[in-house]
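Structure below is input_18.cif: mmCIF, C-alpha atoms.
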```cif
data_final
loop_
_atom_site.label_atom_id
_atom_site.label_comp_id
_atom_site.auth_asym_id
_atom_site.auth_seq_id
_atom_site.Cartn_x
_atom_site.Cartn_y
_atom_site.Cartn_z
CA MET G 1 101.75 62.59 137.92
CA ILE G 2 100.57 64.30 134.77
CA ASP G 3 101.54 67.98 134.54
CA GLY G 4 99.17 70.86 133.84
CA LYS G 5 100.40 71.30 130.28
CA SER G 6 99.58 67.68 129.39
CA ILE G 7 96.10 68.02 130.93
CA LYS G 8 95.42 71.18 128.91
CA ALA G 9 96.55 69.29 125.81
CA ILE G 10 94.11 66.43 126.61
CA VAL G 11 91.19 68.88 127.00
CA LYS G 12 92.16 70.65 123.77
CA ARG G 13 92.45 67.38 121.84
CA PHE G 14 89.00 66.19 122.93
CA SER G 15 87.21 69.53 122.74
CA THR G 16 88.19 69.98 119.10
CA MET G 17 86.73 66.57 118.18
CA GLU G 18 83.54 66.69 116.14
CA GLY G 19 80.38 66.84 118.20
CA VAL G 20 82.14 67.32 121.55
CA ARG G 21 80.31 69.94 123.61
CA GLY G 22 82.44 69.89 126.74
CA VAL G 23 85.40 68.27 128.49
CA ILE G 24 86.11 68.06 132.22
CA VAL G 25 89.26 66.54 133.72
CA CYS G 26 89.18 65.56 137.40
CA ASP G 27 91.86 64.06 139.60
CA ALA G 28 91.33 60.59 141.12
CA ASP G 29 89.40 62.16 144.04
CA GLY G 30 86.94 63.82 141.66
CA LEU G 31 88.31 67.35 142.04
CA PRO G 32 88.06 69.24 138.75
CA ILE G 33 91.47 70.32 137.48
CA GLN G 34 90.54 71.43 133.99
CA SER G 35 87.25 72.16 132.22
CA ASP G 36 85.81 74.04 129.30
CA LEU G 37 82.34 74.14 130.89
CA ASP G 38 81.22 76.83 133.35
CA THR G 39 82.33 76.52 136.99
CA GLU G 40 78.85 75.69 138.37
CA THR G 41 78.27 72.80 135.93
CA THR G 42 81.84 71.54 136.36
CA GLU G 43 81.62 71.44 140.16
CA ALA G 44 78.12 69.92 140.21
CA THR G 45 79.24 67.17 137.82
CA ALA G 46 82.53 66.53 139.64
CA ALA G 47 80.61 66.09 142.91
CA TYR G 48 79.01 62.87 141.64
CA ILE G 49 81.69 61.44 139.43
CA THR G 50 83.79 59.37 141.89
CA SER G 51 80.62 57.95 143.43
CA LEU G 52 79.30 57.03 139.95
CA ILE G 53 82.59 55.33 139.05
CA GLY G 54 82.60 53.54 142.42
CA ARG G 55 79.11 52.13 141.80
CA ALA G 56 80.03 51.20 138.23
CA ARG G 57 83.08 49.30 139.58
CA ASN G 58 80.90 47.57 142.22
CA THR G 59 78.48 46.44 139.48
CA VAL G 60 81.26 45.18 137.21
CA ASP G 61 82.89 43.36 140.16
CA ALA G 62 79.56 41.75 141.10
CA LEU G 63 79.29 40.46 137.53
CA LYS G 64 82.95 39.29 137.62
CA GLU G 65 83.67 41.24 134.43
CA GLY G 66 87.19 42.41 135.30
CA ASP G 67 88.33 46.03 135.12
CA LEU G 68 86.02 48.94 134.31
CA LYS G 69 87.33 50.70 131.20
CA PHE G 70 84.66 53.20 130.33
CA VAL G 71 81.25 54.49 131.44
CA ARG G 72 78.77 55.89 128.91
CA LEU G 73 75.55 57.63 129.84
CA GLU G 74 73.10 58.06 126.99
CA THR G 75 70.76 60.98 127.54
CA ALA G 76 67.96 62.85 125.82
CA LYS G 77 70.56 65.31 124.46
CA GLY G 78 73.51 63.09 123.61
CA GLU G 79 76.12 61.09 125.46
CA VAL G 80 78.38 61.54 128.48
CA MET G 81 81.57 59.50 128.24
CA ILE G 82 83.60 58.91 131.39
CA ALA G 83 87.07 57.38 131.30
CA PRO G 84 88.56 56.51 134.71
CA GLU G 85 92.28 56.57 133.95
CA GLN G 86 95.09 56.14 136.45
CA GLY G 87 95.10 59.28 138.56
CA LEU G 88 92.65 61.10 136.27
CA ILE G 89 88.97 61.04 135.37
CA LEU G 90 88.08 62.31 131.92
CA ILE G 91 84.49 63.40 131.22
CA VAL G 92 83.50 64.14 127.63
CA LEU G 93 80.09 65.56 126.70
CA LYS G 94 79.03 64.67 123.20
CA MET O 1 52.57 46.67 135.91
CA ILE O 2 54.18 44.20 133.55
CA ASP O 3 53.21 40.58 134.17
CA GLY O 4 55.61 37.69 134.70
CA LYS O 5 54.99 36.25 131.25
CA SER O 6 56.02 39.52 129.56
CA ILE O 7 59.18 39.71 131.67
CA LYS O 8 60.14 36.14 130.76
CA ALA O 9 59.59 37.07 127.12
CA ILE O 10 61.91 40.10 127.49
CA VAL O 11 64.66 37.96 129.04
CA LYS O 12 64.26 35.32 126.32
CA ARG O 13 64.35 37.92 123.53
CA PHE O 14 67.59 39.47 124.81
CA SER O 15 69.31 36.26 125.88
CA THR O 16 68.97 34.78 122.39
CA MET O 17 70.63 37.85 120.81
CA GLU O 18 74.11 37.26 119.45
CA GLY O 19 76.87 37.80 121.97
CA VAL O 20 74.55 38.22 124.98
CA ARG O 21 75.93 36.32 127.97
CA GLY O 22 73.29 37.17 130.54
CA VAL O 23 70.12 39.13 131.25
CA ILE O 24 68.78 40.35 134.60
CA VAL O 25 65.46 42.15 135.05
CA CYS O 26 64.92 44.10 138.28
CA ASP O 27 61.95 46.08 139.49
CA ALA O 28 62.29 49.85 140.07
CA ASP O 29 63.66 49.18 143.58
CA GLY O 30 66.44 46.99 142.20
CA LEU O 31 64.95 43.67 143.31
CA PRO O 32 65.70 40.95 140.76
CA ILE O 33 62.54 39.48 139.26
CA GLN O 34 64.02 37.47 136.41
CA SER O 35 67.55 36.37 135.52
CA ASP O 36 69.44 33.79 133.51
CA LEU O 37 72.58 34.22 135.64
CA ASP O 38 73.20 32.35 138.91
CA THR O 39 71.48 33.63 142.07
CA GLU O 40 74.68 34.88 143.74
CA THR O 41 75.74 37.01 140.74
CA THR O 42 72.19 38.25 140.19
CA GLU O 43 71.75 39.38 143.80
CA ALA O 44 75.23 40.95 144.03
CA THR O 45 74.59 42.91 140.83
CA ALA O 46 71.07 43.95 141.80
CA ALA O 47 72.41 45.31 145.10
CA TYR O 48 74.27 48.10 143.29
CA ILE O 49 72.04 48.80 140.34
CA THR O 50 69.62 51.41 141.75
CA SER O 51 72.50 53.27 143.37
CA LEU O 52 74.42 53.24 140.06
CA ILE O 53 71.39 54.55 138.17
CA GLY O 54 70.84 57.20 140.88
CA ARG O 55 74.42 58.46 140.49
CA ALA O 56 74.14 58.37 136.69
CA ARG O 57 70.95 60.48 136.94
CA ASN O 58 72.69 62.93 139.33
CA THR O 59 75.57 63.32 136.86
CA VAL O 60 73.25 63.83 133.88
CA ASP O 61 71.18 66.36 135.90
CA ALA O 62 74.35 68.25 136.91
CA LEU O 63 75.26 68.51 133.22
CA LYS O 64 71.67 69.57 132.36
CA GLU O 65 71.45 66.80 129.76
CA GLY O 66 67.81 65.85 130.31
CA ASP O 67 66.63 62.29 130.93
CA LEU O 68 68.96 59.32 131.35
CA LYS O 69 68.18 56.74 128.67
CA PHE O 70 70.89 54.13 128.97
CA VAL O 71 74.03 53.29 130.96
CA ARG O 72 76.87 51.33 129.37
CA LEU O 73 79.84 49.98 131.29
CA GLU O 74 82.73 48.84 129.13
CA THR O 75 84.88 46.25 130.86
CA ALA O 76 87.88 44.04 130.22
CA LYS O 77 85.49 41.23 129.17
CA GLY O 78 82.80 43.09 127.24
CA GLU O 79 79.96 45.43 128.01
CA VAL O 80 77.19 45.78 130.60
CA MET O 81 74.14 47.61 129.25
CA ILE O 82 71.61 48.99 131.73
CA ALA O 83 68.24 50.34 130.62
CA PRO O 84 66.21 52.07 133.35
CA GLU O 85 62.67 51.70 132.03
CA GLN O 86 59.49 52.75 133.81
CA GLY O 87 59.05 50.30 136.65
CA LEU O 88 61.80 47.99 135.39
CA ILE O 89 65.60 47.90 135.16
CA LEU O 90 67.03 45.76 132.39
CA ILE O 91 70.66 44.60 132.64
CA VAL O 92 72.24 42.93 129.62
CA LEU O 93 75.71 41.39 129.72
CA LYS O 94 77.39 41.30 126.34
#
```
Take the structure in this file and express it as structure tokens.
Amino acid sequence: MIDGKSIKAIVKRFSTMEGVRGVIVCDADGLPIQSDLDTETTEATAAYITSLIGRARNTVDALKEGDLKFVRLETAKGEVMIAPEQGLILIVLK
Amino acid sequence: MIDGKSIKAIVKRFSTMEGVRGVIVCDADGLPIQSDLDTETTEATAAYITSLIGRARNTVDALKEGDLKFVRLETAKGEVMIAPEQGLILIVLK
């Protein structure tokens, strides 16, 4: 299990990267444990994230492409990068 | 509505691109209408695609990032690129 200090360090590392507008860290169940976005946006995003990763895994499995490493959503405003790590889900808004 | 000839042309254009291993075109409901992968893989993939795009749109909406343009799934073997166009869903395996 990753401790709170490490998670804060992850958020800090990503949020200081050029062009990064927000970072959310969720646990494996999609519960937000750290965020530099407002509470409403964080909770609304977290509500969909495990389901999105589940569907992404289903798609990758159907295509027999092995493990899912990363999900990127390109939008009108930029990019949402989602990394499903062991025990953590990292969401970076760029 | 895009005609069958145009769809075949889309698949051909993408499938001849370097590194592309497969192309599936679905209608807006996720029904496969053209594919150069086998039927089983095509149908299994198509079964999840509208749900995946729905969840991606939910996530992007929650983050107030405007329209979803593109979904990319990075895997152990490569990348799955999904373009939700008007009336069509294009899936490219790279």
*Write out as JSON, numbers by chain which residues come within 8 Å of stretch 48-57 of chain O when counting all atoms listed in the file, dropping same-chain ones fewer than 4 positions away.*
{"G": [48, 49, 51, 52, 55, 56, 58, 59, 73], "O": [28, 29, 30, 44, 61, 67, 68, 71, 84]}
I'd like the superposed chain O, fitted onto chain G by least squares over all Cα atoms in order, as a PDB file with C-alpha atoms, keeping the file's coordinate frame.
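Okay, part-v4.pdb is ready:
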```
ATOM      1  CA  MET O   1     101.702  62.695 137.975  1.00  0.00           C
ATOM      2  CA  ILE O   2     100.584  64.384 134.787  1.00  0.00           C
ATOM      3  CA  ASP O   3     101.526  68.055 134.545  1.00  0.00           C
ATOM      4  CA  GLY O   4      99.146  70.925 133.841  1.00  0.00           C
ATOM      5  CA  LYS O   5     100.384  71.374 130.288  1.00  0.00           C
ATOM      6  CA  SER O   6      99.574  67.743 129.411  1.00  0.00           C
ATOM      7  CA  ILE O   7      96.096  68.069 130.918  1.00  0.00           C
ATOM      8  CA  LYS O   8      95.398  71.228 128.911  1.00  0.00           C
ATOM      9  CA  ALA O   9      96.538  69.346 125.817  1.00  0.00           C
ATOM     10  CA  ILE O  10      94.111  66.483 126.602  1.00  0.00           C
ATOM     11  CA  VAL O  11      91.193  68.904 127.009  1.00  0.00           C
ATOM     12  CA  LYS O  12      92.120  70.702 123.779  1.00  0.00           C
ATOM     13  CA  ARG O  13      92.441  67.434 121.839  1.00  0.00           C
ATOM     14  CA  PHE O  14      88.991  66.223 122.920  1.00  0.00           C
ATOM     15  CA  SER O  15      87.197  69.564 122.756  1.00  0.00           C
ATOM     16  CA  THR O  16      88.166  70.034 119.105  1.00  0.00           C
ATOM     17  CA  MET O  17      86.722  66.611 118.170  1.00  0.00           C
ATOM     18  CA  GLU O  18      83.542  66.725 116.124  1.00  0.00           C
ATOM     19  CA  GLY O  19      80.379  66.837 118.184  1.00  0.00           C
ATOM     20  CA  VAL O  20      82.139  67.314 121.545  1.00  0.00           C
ATOM     21  CA  ARG O  21      80.318  69.931 123.615  1.00  0.00           C
ATOM     22  CA  GLY O  22      82.457  69.881 126.733  1.00  0.00           C
ATOM     23  CA  VAL O  23      85.407  68.264 128.486  1.00  0.00           C
ATOM     24  CA  ILE O  24      86.123  68.043 132.221  1.00  0.00           C
ATOM     25  CA  VAL O  25      89.270  66.512 133.710  1.00  0.00           C
ATOM     26  CA  CYS O  26      89.199  65.538 137.394  1.00  0.00           C
ATOM     27  CA  ASP O  27      91.867  64.035 139.592  1.00  0.00           C
ATOM     28  CA  ALA O  28      91.336  60.563 141.118  1.00  0.00           C
ATOM     29  CA  ASP O  29      89.404  62.142 144.020  1.00  0.00           C
ATOM     30  CA  GLY O  30      86.958  63.804 141.637  1.00  0.00           C
ATOM     31  CA  LEU O  31      88.321  67.334 142.030  1.00  0.00           C
ATOM     32  CA  PRO O  32      88.088  69.230 138.741  1.00  0.00           C
ATOM     33  CA  ILE O  33      91.495  70.302 137.460  1.00  0.00           C
ATOM     34  CA  GLN O  34      90.576  71.417 133.957  1.00  0.00           C
ATOM     35  CA  SER O  35      87.280  72.149 132.208  1.00  0.00           C
ATOM     36  CA  ASP O  36      85.828  74.034 129.274  1.00  0.00           C
ATOM     37  CA  LEU O  37      82.361  74.135 130.869  1.00  0.00           C
ATOM     38  CA  ASP O  38      81.239  76.818 133.343  1.00  0.00           C
ATOM     39  CA  THR O  39      82.360  76.496 136.979  1.00  0.00           C
ATOM     40  CA  GLU O  40      78.891  75.681 138.354  1.00  0.00           C
ATOM     41  CA  THR O  41      78.305  72.785 135.919  1.00  0.00           C
ATOM     42  CA  THR O  42      81.863  71.522 136.348  1.00  0.00           C
ATOM     43  CA  GLU O  43      81.650  71.439 140.149  1.00  0.00           C
ATOM     44  CA  ALA O  44      78.143  69.915 140.202  1.00  0.00           C
ATOM     45  CA  THR O  45      79.270  67.165 137.823  1.00  0.00           C
ATOM     46  CA  ALA O  46      82.544  66.512 139.629  1.00  0.00           C
ATOM     47  CA  ALA O  47      80.625  66.082 142.896  1.00  0.00           C
ATOM     48  CA  TYR O  48      79.031  62.860 141.631  1.00  0.00           C
ATOM     49  CA  ILE O  49      81.713  61.427 139.415  1.00  0.00           C
ATOM     50  CA  THR O  50      83.789  59.360 141.880  1.00  0.00           C
ATOM     51  CA  SER O  51      80.627  57.953 143.431  1.00  0.00           C
ATOM     52  CA  LEU O  52      79.303  57.028 139.962  1.00  0.00           C
ATOM     53  CA  ILE O  53      82.576  55.318 139.053  1.00  0.00           C
ATOM     54  CA  GLY O  54      82.587  53.528 142.439  1.00  0.00           C
ATOM     55  CA  ARG O  55      79.095  52.129 141.803  1.00  0.00           C
ATOM     56  CA  ALA O  56      80.022  51.177 138.231  1.00  0.00           C
ATOM     57  CA  ARG O  57      83.067  49.290 139.594  1.00  0.00           C
ATOM     58  CA  ASN O  58      80.882  47.553 142.230  1.00  0.00           C
ATOM     59  CA  THR O  59      78.457  46.434 139.507  1.00  0.00           C
ATOM     60  CA  VAL O  60      81.238  45.176 137.225  1.00  0.00           C
ATOM     61  CA  ASP O  61      82.867  43.347 140.187  1.00  0.00           C
ATOM     62  CA  ALA O  62      79.523  41.736 141.118  1.00  0.00           C
ATOM     63  CA  LEU O  63      79.251  40.451 137.543  1.00  0.00           C
ATOM     64  CA  LYS O  64      82.907  39.277 137.635  1.00  0.00           C
ATOM     65  CA  GLU O  65      83.639  41.229 134.452  1.00  0.00           C
ATOM     66  CA  GLY O  66      87.155  42.375 135.335  1.00  0.00           C
ATOM     67  CA  ASP O  67      88.303  45.994 135.146  1.00  0.00           C
ATOM     68  CA  LEU O  68      86.013  48.912 134.328  1.00  0.00           C
ATOM     69  CA  LYS O  69      87.305  50.672 131.217  1.00  0.00           C
ATOM     70  CA  PHE O  70      84.652  53.202 130.319  1.00  0.00           C
ATOM     71  CA  VAL O  71      81.241  54.486 131.433  1.00  0.00           C
ATOM     72  CA  ARG O  72      78.766  55.868 128.903  1.00  0.00           C
ATOM     73  CA  LEU O  73      75.547  57.627 129.840  1.00  0.00           C
ATOM     74  CA  GLU O  74      73.099  58.063 126.988  1.00  0.00           C
ATOM     75  CA  THR O  75      70.753  60.980 127.544  1.00  0.00           C
ATOM     76  CA  ALA O  76      67.964  62.860 125.817  1.00  0.00           C
ATOM     77  CA  LYS O  77      70.570  65.326 124.461  1.00  0.00           C
ATOM     78  CA  GLY O  78      73.502  63.068 123.608  1.00  0.00           C
ATOM     79  CA  GLU O  79      76.107  61.095 125.466  1.00  0.00           C
ATOM     80  CA  VAL O  80      78.384  61.534 128.487  1.00  0.00           C
ATOM     81  CA  MET O  81      81.571  59.472 128.235  1.00  0.00           C
ATOM     82  CA  ILE O  82      83.604  58.885 131.394  1.00  0.00           C
ATOM     83  CA  ALA O  83      87.078  57.359 131.293  1.00  0.00           C
ATOM     84  CA  PRO O  84      88.566  56.493 134.699  1.00  0.00           C
ATOM     85  CA  GLU O  85      92.288  56.565 133.955  1.00  0.00           C
ATOM     86  CA  GLN O  86      95.089  56.117 136.473  1.00  0.00           C
ATOM     87  CA  GLY O  87      95.100  59.263 138.562  1.00  0.00           C
ATOM     88  CA  LEU O  88      92.666  61.075 136.264  1.00  0.00           C
ATOM     89  CA  ILE O  89      88.965  61.012 135.370  1.00  0.00           C
ATOM     90  CA  LEU O  90      88.085  62.275 131.916  1.00  0.00           C
ATOM     91  CA  ILE O  91      84.497  63.377 131.212  1.00  0.00           C
ATOM     92  CA  VAL O  92      83.500  64.115 127.625  1.00  0.00           C
ATOM     93  CA  LEU O  93      80.105  65.545 126.702  1.00  0.00           C
ATOM     94  CA  LYS O  94      79.030  64.663 123.191  1.00  0.00           C
TER      95      LYS O  94
END
```
*List the neighbours of G:Lys12 out to 12 Å using all atoms listed in the file; skip same-chain residues closer than 2 positions along the sequence, and give me the result as a ChimeraX atom specification.*
/G:5-10,14-17,20-25,34-36,92
*May I ask for the distance between atom CA of G:Thr75 and atom CA of O:Gln86, given in Å to one decimal place?*
15.3 Å
*Report as a ChimeraX atom specification the residues that result from applying the PyMOL selection byres ((chain O and resi 77) around 10) to the structure here.*
/G:60,64-69 /O:74-76,78-80,93-94
Return as lines of an AutoDock Vina configuration file the centre and edge lengths, in Å with one decimal, of the box along x, y and z that encloses every atom of stretch 70-76 of chain O in the file, padded by 5 Å per side.
```
center_x = 79.4
center_y = 49.1
center_z = 130.1
size_x = 27.0
size_y = 20.1
size_z = 12.3
```
*Provide the atom CA of G:Met81 to atom CA of G:Leu63 distance in Å, to one decimal place.*
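Going from atom CA of G:Met81 over to atom CA of G:Leu63 covers 21.3 Å.
Using all atoms listed in the file, the nearest neighbour of chain G within the list O:Leu31, O:Val11, O:Ala83, O:Cys26 is O:Ala83.
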_Quick check, in Å to one decimal: how far apart do atom CA of G:Thr39 and atom CA of G:Ile89 lie?_
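Result for atom CA of G:Thr39 versus atom CA of G:Ile89: 16.9 Å, one decimal.
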*Go through G:Ala46, G:Ala62, G:Leu88, G:Ile82 and flag the residue nearest chain O, using all atoms listed in the file for the distances.*
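Smallest distance to chain O is found for G:Ala62.
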*For G:Ile33, the nearest of the candidates G:Ile91, G:Phe70, G:Glu85, G:Gly4, counting only C-alpha atoms*: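 Of G:Ile91, G:Phe70, G:Glu85, G:Gly4, the one nearest G:Ile33, counting only C-alpha atoms, is G:Gly4.
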Extract stretch 72-83 of chain O from the structure I just pasted (atoms: all heavy atoms) and return it as a short mmCIF file (atom, residue, chain, number, x, y, z; two decimals), in the first residue's frame.
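This is the output file selection_13.cif:
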```cif
data_model
loop_
_atom_site.label_atom_id
_atom_site.label_comp_id
_atom_site.auth_asym_id
_atom_site.auth_seq_id
_atom_site.Cartn_x
_atom_site.Cartn_y
_atom_site.Cartn_z
N ARG O 72 -7.59 6.75 -26.96
CA ARG O 72 -6.45 5.89 -27.25
C ARG O 72 -6.22 4.96 -26.07
O ARG O 72 -6.17 5.40 -24.93
CB ARG O 72 -5.16 6.71 -27.40
CG ARG O 72 -5.09 7.56 -28.65
CD ARG O 72 -3.93 8.51 -28.55
NE ARG O 72 -3.88 9.40 -29.67
CZ ARG O 72 -3.16 9.17 -30.78
NH1 ARG O 72 -2.43 8.09 -30.87
NH2 ARG O 72 -3.18 10.03 -31.77
N LEU O 73 -6.10 3.66 -26.38
CA LEU O 73 -5.79 2.68 -25.34
C LEU O 73 -4.41 2.13 -25.61
O LEU O 73 -4.19 1.48 -26.64
CB LEU O 73 -6.81 1.54 -25.36
CG LEU O 73 -8.31 1.91 -25.37
CD1 LEU O 73 -9.16 0.65 -25.44
CD2 LEU O 73 -8.67 2.73 -24.15
N GLU O 74 -3.47 2.41 -24.73
CA GLU O 74 -2.12 1.85 -24.90
C GLU O 74 -2.07 0.49 -24.21
O GLU O 74 -2.49 0.36 -23.06
CB GLU O 74 -1.08 2.79 -24.31
CG GLU O 74 -0.91 4.03 -25.16
CD GLU O 74 0.15 4.97 -24.62
OE1 GLU O 74 1.03 4.53 -23.89
OE2 GLU O 74 0.05 6.17 -24.93
N THR O 75 -1.57 -0.49 -24.93
CA THR O 75 -1.56 -1.86 -24.41
C THR O 75 -0.15 -2.43 -24.45
O THR O 75 0.78 -1.77 -24.91
CB THR O 75 -2.47 -2.77 -25.27
OG1 THR O 75 -1.85 -2.95 -26.55
CG2 THR O 75 -3.85 -2.18 -25.46
N ALA O 76 -0.04 -3.67 -23.96
CA ALA O 76 1.25 -4.37 -23.98
C ALA O 76 1.73 -4.55 -25.42
O ALA O 76 2.92 -4.54 -25.69
CB ALA O 76 1.09 -5.72 -23.29
N LYS O 77 0.79 -4.68 -26.37
CA LYS O 77 1.16 -4.97 -27.76
C LYS O 77 1.23 -3.76 -28.67
O LYS O 77 1.83 -3.81 -29.74
CB LYS O 77 0.16 -5.97 -28.37
CG LYS O 77 0.30 -7.38 -27.85
CD LYS O 77 -0.46 -8.32 -28.78
CE LYS O 77 -0.59 -9.71 -28.18
NZ LYS O 77 -1.48 -10.56 -28.98
N GLY O 78 0.58 -2.66 -28.29
CA GLY O 78 0.57 -1.50 -29.17
C GLY O 78 -0.48 -0.50 -28.73
O GLY O 78 -0.58 -0.19 -27.55
N GLU O 79 -1.28 -0.06 -29.68
CA GLU O 79 -2.26 0.97 -29.35
C GLU O 79 -3.57 0.73 -30.09
O GLU O 79 -3.57 0.29 -31.24
CB GLU O 79 -1.69 2.34 -29.75
CG GLU O 79 -2.39 3.51 -29.10
CD GLU O 79 -1.74 4.85 -29.46
OE1 GLU O 79 -0.87 4.88 -30.36
OE2 GLU O 79 -2.13 5.84 -28.86
N VAL O 80 -4.69 1.00 -29.41
CA VAL O 80 -6.01 0.95 -30.04
C VAL O 80 -6.51 2.39 -30.11
O VAL O 80 -6.61 3.06 -29.09
CB VAL O 80 -7.00 0.09 -29.22
CG1 VAL O 80 -8.32 -0.05 -29.96
CG2 VAL O 80 -6.41 -1.27 -28.88
N MET O 81 -6.77 2.87 -31.32
CA MET O 81 -7.25 4.23 -31.48
C MET O 81 -8.71 4.21 -31.88
O MET O 81 -9.08 3.48 -32.81
CB MET O 81 -6.42 4.94 -32.55
CG MET O 81 -4.97 5.11 -32.10
SD MET O 81 -3.99 5.94 -33.34
CE MET O 81 -3.84 4.63 -34.54
N ILE O 82 -9.54 4.97 -31.17
CA ILE O 82 -10.99 4.95 -31.41
C ILE O 82 -11.47 6.37 -31.69
O ILE O 82 -11.30 7.27 -30.87
CB ILE O 82 -11.74 4.36 -30.19
CG1 ILE O 82 -11.24 2.94 -29.93
CG2 ILE O 82 -13.25 4.38 -30.41
CD1 ILE O 82 -11.22 2.54 -28.48
N ALA O 83 -12.02 6.56 -32.88
CA ALA O 83 -12.52 7.88 -33.28
C ALA O 83 -14.03 7.84 -33.38
O ALA O 83 -14.58 7.17 -34.27
CB ALA O 83 -11.91 8.29 -34.61
#
```
